[in-house]
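Peer 1: Input: one structure, supplied below.
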Amino acid sequence: MNKKYEFTGETTEVNGIELKRIRAIRDFGEIDKGDLGGWIQKEENLSHSGNAWVYYNAKVYGNAIILDNARICNKAEVFDSATVCGNVKAFDEARIYGNAKVFGNAIVFGDAEIYGNAEIYGNAKVCYNAKVAKPKHTILFTSVGSRNDTLTAFKTKTGFSIKVGCFFGNLEQFLEKVKKTHGDNKYAKEYEAIAEVIKIRFSEED
């Protein structure tokens with residue numbers, strides 16, 4: 001195997017686990033030979049194939065695996081038995097753990113928590129105070145509205161939120177924005193129908 005990184009010898013500790021800083025030993029993707037990376041516990045945490053990378057302050061440990069072109073950035077952490085692959089980007093203070101799987105072109109950011117048996121995929125954007133533990137804690141709609149955008153609704157610490165385009169907020173704010181932007185045209189009707197599905201998904205407790 002043509003390895004793409006080595007350990008620098010610098011270590012840190014998280015939850016009693018020793019992590020090692022990595023450094024690129026060849027060019028790949030947007031990484032240049034010699035670039036310092038973040039912290040992993042062992043080589044099994046980060047694949048040597050593809051362009052996957054753990055950036056400077058990010059941490060990956062336990063039996064977590066980062067594959068393909070996934071990027072773990074800022075202060076994001078991936079641990080336990082979580083898998084992050086595809087073109088996923090996790091950043092800010094996002095945490096992915098348990099048996100969670102994040103793949104496709106998904107983006108996880110803010111202080112979002114993805115854990116348990118949750119699966120995040122496609123073009124989903126899960127952010128800020130998200131708290132997703134099961135597949136049913138998120139729902140994804142693709143090619144919606146006038147811009148053929150992706151709409152993601154997900155469970156949070158206080159209820160659920162919606163992310164689509166530049167919009168992020170609760171259901172009431174979403175419907176208000178739809179009314180203001182689209183009036184009662186076909187896109188408004190489409191978004192209102194989606195809102196009803198979202199309400200059904202999140203109307204029952206676990």
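Residues are referred to by chain and number: the chain letter is A, B, ... according to the order shown in the structure tokens, the number counts from 1 in that chain, and ligands are numbered separately from 1 in the order shown.
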What's the 10 Å shell around Gly29 in chain A, counting only C-alpha atoms, without same-chain residues fewer than 3 positions away, as a PyMOL selection string?

Peer 2: chain A and resi 32+50-53+69

Peer 1: For Glu6 in chain A, find every residue with an atom within 8 Å (counting only C-alpha atoms), except residues of its own chain fewer than 2 positions away, and show them as a PyMOL selection string.

Peer 2: chain A and resi 3-4+8+22-25

Peer 1: Filtering to N, CA, C and O atoms, could you give me those residues as an mmCIF file, in the first residue's frame?

Peer 2:
data_model
loop_
_atom_site.group_PDB
_atom_site.id
_atom_site.type_symbol
_atom_site.label_atom_id
_atom_site.label_comp_id
_atom_site.auth_asym_id
_atom_site.auth_seq_id
_atom_site.Cartn_x
_atom_site.Cartn_y
_atom_site.Cartn_z
ATOM 1 N N LYS A 3 1.396 4.423 1.331
ATOM 2 C CA LYS A 3 0.907 5.199 2.464
ATOM 3 C C LYS A 3 0.927 6.698 2.163
ATOM 4 O O LYS A 3 1.783 7.174 1.419
ATOM 5 N N LYS A 4 -0.024 7.415 2.752
ATOM 6 C CA LYS A 4 -0.090 8.852 2.494
ATOM 7 C C LYS A 4 0.252 9.696 3.715
ATOM 8 O O LYS A 4 0.386 10.906 3.600
ATOM 9 N N THR A 8 3.833 11.943 13.550
ATOM 10 C CA THR A 8 4.908 12.921 13.784
ATOM 11 C C THR A 8 5.672 12.656 15.077
ATOM 12 O O THR A 8 6.754 13.179 15.270
ATOM 13 N N ILE A 22 -0.774 13.359 12.691
ATOM 14 C CA ILE A 22 -0.335 12.812 11.413
ATOM 15 C C ILE A 22 0.269 13.894 10.522
ATOM 16 O O ILE A 22 0.001 15.088 10.690
ATOM 17 N N ARG A 23 1.073 13.453 9.570
ATOM 18 C CA ARG A 23 1.697 14.352 8.596
ATOM 19 C C ARG A 23 1.692 13.657 7.236
ATOM 20 O O ARG A 23 2.025 12.467 7.128
ATOM 21 N N ALA A 24 1.326 14.397 6.196
ATOM 22 C CA ALA A 24 1.280 13.831 4.850
ATOM 23 C C ALA A 24 2.687 13.533 4.342
ATOM 24 O O ALA A 24 3.599 14.347 4.511
ATOM 25 N N ILE A 25 2.869 12.374 3.711
ATOM 26 C CA ILE A 25 4.177 12.020 3.156
ATOM 27 C C ILE A 25 4.131 11.959 1.626
ATOM 28 O O ILE A 25 5.117 11.588 0.984
#

Peer 1: Might you pull out every residue within 10 Å of Asn63 in chain A, with only C-alpha atoms counted and same-chain residues fewer than 2 positions away left off, and present them as an mmCIF file with N, CA and C atoms, in the first residue's frame?

Peer 2:
data_model
loop_
_atom_site.group_PDB
_atom_site.id
_atom_site.type_symbol
_atom_site.label_atom_id
_atom_site.label_comp_id
_atom_site.auth_asym_id
_atom_site.auth_seq_id
_atom_site.Cartn_x
_atom_site.Cartn_y
_atom_site.Cartn_z
ATOM 1 N N GLN A 41 -5.999 7.758 16.603
ATOM 2 C CA GLN A 41 -5.468 6.798 17.572
ATOM 3 C C GLN A 41 -4.570 5.761 16.903
ATOM 4 N N LYS A 42 -4.958 5.342 15.685
ATOM 5 C CA LYS A 42 -4.239 4.258 15.001
ATOM 6 C C LYS A 42 -4.490 4.372 13.506
ATOM 7 N N GLU A 44 -5.766 2.384 11.479
ATOM 8 C CA GLU A 44 -7.076 1.884 11.045
ATOM 9 C C GLU A 44 -8.137 2.982 11.048
ATOM 10 N N ASN A 45 -7.884 4.100 11.720
ATOM 11 C CA ASN A 45 -8.858 5.183 11.774
ATOM 12 C C ASN A 45 -8.959 5.968 10.465
ATOM 13 N N VAL A 60 -9.958 11.603 15.574
ATOM 14 C CA VAL A 60 -10.629 10.355 15.215
ATOM 15 C C VAL A 60 -10.017 9.244 16.052
ATOM 16 N N TYR A 61 -10.873 8.469 16.727
ATOM 17 C CA TYR A 61 -10.325 7.446 17.621
ATOM 18 C C TYR A 61 -11.335 6.332 17.852
ATOM 19 N N ILE A 65 -13.782 4.940 11.473
ATOM 20 C CA ILE A 65 -13.073 4.804 10.201
ATOM 21 C C ILE A 65 -13.432 5.978 9.281
ATOM 22 N N VAL A 78 -14.692 12.153 15.565
ATOM 23 C CA VAL A 78 -15.359 10.928 15.135
ATOM 24 C C VAL A 78 -14.777 9.805 15.971
ATOM 25 N N PHE A 79 -15.643 9.023 16.636
ATOM 26 C CA PHE A 79 -15.120 7.997 17.538
ATOM 27 C C PHE A 79 -16.107 6.852 17.695
ATOM 28 N N ASP A 80 -15.831 5.962 18.651
ATOM 29 C CA ASP A 80 -16.569 4.701 18.815
ATOM 30 C C ASP A 80 -16.421 3.879 17.532
ATOM 31 N N SER A 81 -17.531 3.436 16.950
ATOM 32 C CA SER A 81 -17.472 2.623 15.735
ATOM 33 C C SER A 81 -18.092 3.345 14.545
ATOM 34 N N ALA A 82 -18.062 4.665 14.566
ATOM 35 C CA ALA A 82 -18.656 5.456 13.485
ATOM 36 C C ALA A 82 -17.861 5.305 12.189
ATOM 37 N N THR A 83 -18.571 5.418 11.067
ATOM 38 C CA THR A 83 -17.948 5.377 9.750
ATOM 39 C C THR A 83 -18.311 6.640 8.984
ATOM 40 N N TYR A 97 -20.457 9.562 16.396
ATOM 41 C CA TYR A 97 -19.992 8.470 17.251
ATOM 42 C C TYR A 97 -21.040 7.366 17.328
ATOM 43 N N GLY A 98 -20.815 6.406 18.224
ATOM 44 C CA GLY A 98 -21.677 5.236 18.281
ATOM 45 C C GLY A 98 -21.449 4.396 17.040
ATOM 46 N N ASN A 99 -22.533 3.895 16.449
ATOM 47 C CA ASN A 99 -22.454 3.132 15.201
ATOM 48 C C ASN A 99 -22.921 3.961 14.011
#

Peer 1: Can you pull out every residue within 10 Å of Arg71 in chain A, counting only C-alpha atoms, but drop anything in the same chain fewer than 4 positions away, and send it as a PDB file with N, CA and C atoms, in the first residue's frame?

Peer 2:
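The new file around_24.pdb reads:
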ATOM      1  N   ASN A  51      -8.677  10.383  -0.834  1.00  0.00           N
ATOM      2  CA  ASN A  51      -8.212  11.695  -0.372  1.00  0.00           C
ATOM      3  C   ASN A  51      -8.705  12.033   1.030  1.00  0.00           C
ATOM      4  N   ALA A  52      -9.220  11.048   1.735  1.00  0.00           N
ATOM      5  CA  ALA A  52      -9.718  11.297   3.097  1.00  0.00           C
ATOM      6  C   ALA A  52      -8.614  11.906   3.949  1.00  0.00           C
ATOM      7  N   TRP A  53      -9.010  12.839   4.843  1.00  0.00           N
ATOM      8  CA  TRP A  53      -8.012  13.502   5.678  1.00  0.00           C
ATOM      9  C   TRP A  53      -8.646  13.993   6.980  1.00  0.00           C
ATOM     10  N   VAL A  54      -7.825  13.985   8.010  1.00  0.00           N
ATOM     11  CA  VAL A  54      -8.198  14.544   9.315  1.00  0.00           C
ATOM     12  C   VAL A  54      -7.354  15.794   9.494  1.00  0.00           C
ATOM     13  N   TYR A  55      -8.010  16.942   9.592  1.00  0.00           N
ATOM     14  CA  TYR A  55      -7.289  18.213   9.632  1.00  0.00           C
ATOM     15  C   TYR A  55      -6.819  18.566  11.044  1.00  0.00           C
ATOM     16  N   ALA A  58      -8.838  18.330  14.421  1.00  0.00           N
ATOM     17  CA  ALA A  58      -9.860  17.278  14.464  1.00  0.00           C
ATOM     18  C   ALA A  58      -9.302  15.998  15.071  1.00  0.00           C
ATOM     19  N   ILE A  66     -12.396   6.605   8.708  1.00  0.00           N
ATOM     20  CA  ILE A  66     -12.570   7.689   7.742  1.00  0.00           C
ATOM     21  C   ILE A  66     -12.048   7.186   6.399  1.00  0.00           C
ATOM     22  N   LEU A  67     -12.914   7.207   5.369  1.00  0.00           N
ATOM     23  CA  LEU A  67     -12.597   6.588   4.084  1.00  0.00           C
ATOM     24  C   LEU A  67     -12.861   7.526   2.905  1.00  0.00           C
ATOM     25  N   ALA A  76     -13.939  18.975  14.966  1.00  0.00           N
ATOM     26  CA  ALA A  76     -14.843  17.826  14.841  1.00  0.00           C
ATOM     27  C   ALA A  76     -14.184  16.565  15.396  1.00  0.00           C
ATOM     28  N   VAL A  84     -17.301   7.310   8.449  1.00  0.00           N
ATOM     29  CA  VAL A  84     -17.510   8.506   7.634  1.00  0.00           C
ATOM     30  C   VAL A  84     -16.807   8.269   6.305  1.00  0.00           C
ATOM     31  N   CYS A  85     -17.548   8.357   5.201  1.00  0.00           N
ATOM     32  CA  CYS A  85     -16.953   8.023   3.905  1.00  0.00           C
ATOM     33  C   CYS A  85     -17.600   8.848   2.805  1.00  0.00           C
ATOM     34  N   GLY A  86     -17.271   8.500   1.553  1.00  0.00           N
ATOM     35  CA  GLY A  86     -17.784   9.274   0.433  1.00  0.00           C
ATOM     36  C   GLY A  86     -17.122  10.640   0.394  1.00  0.00           C
ATOM     37  N   ASN A  87     -17.908  11.670   0.125  1.00  0.00           N
ATOM     38  CA  ASN A  87     -17.397  13.049   0.053  1.00  0.00           C
ATOM     39  C   ASN A  87     -17.842  13.875   1.251  1.00  0.00           C
ATOM     40  N   VAL A  88     -18.079  13.225   2.348  1.00  0.00           N
ATOM     41  CA  VAL A  88     -18.587  13.893   3.554  1.00  0.00           C
ATOM     42  C   VAL A  88     -17.589  14.915   4.073  1.00  0.00           C
ATOM     43  N   LYS A  89     -18.123  16.006   4.611  1.00  0.00           N
ATOM     44  CA  LYS A  89     -17.302  16.973   5.337  1.00  0.00           C
ATOM     45  C   LYS A  89     -17.923  17.207   6.706  1.00  0.00           C
ATOM     46  N   ALA A  90     -17.148  17.016   7.762  1.00  0.00           N
ATOM     47  CA  ALA A  90     -17.585  17.300   9.129  1.00  0.00           C
ATOM     48  C   ALA A  90     -16.670  18.368   9.685  1.00  0.00           C
ATOM     49  N   PHE A  91     -17.246  19.429  10.244  1.00  0.00           N
ATOM     50  CA  PHE A  91     -16.402  20.509  10.741  1.00  0.00           C
ATOM     51  C   PHE A  91     -17.061  21.242  11.898  1.00  0.00           C
ATOM     52  N   ILE A 107     -22.997  16.918   4.757  1.00  0.00           N
ATOM     53  CA  ILE A 107     -22.201  17.894   5.501  1.00  0.00           C
ATOM     54  C   ILE A 107     -22.746  17.951   6.919  1.00  0.00           C
TER      55      ILE A 107
END

Peer 1: Just give me the gap between CA of Val14 in chain A and CA of Gly37 in chain A in Å, one decimal is fine.

Peer 2: 16.6 Å

Peer 1: Rank nothing, just name the residue among A:Asn74, A:Asn2, A:Asn15, A:Ser146 nearest to His182 in chain A, using only C-alpha atoms.

Peer 2: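 Closest candidate: A:Ser146.
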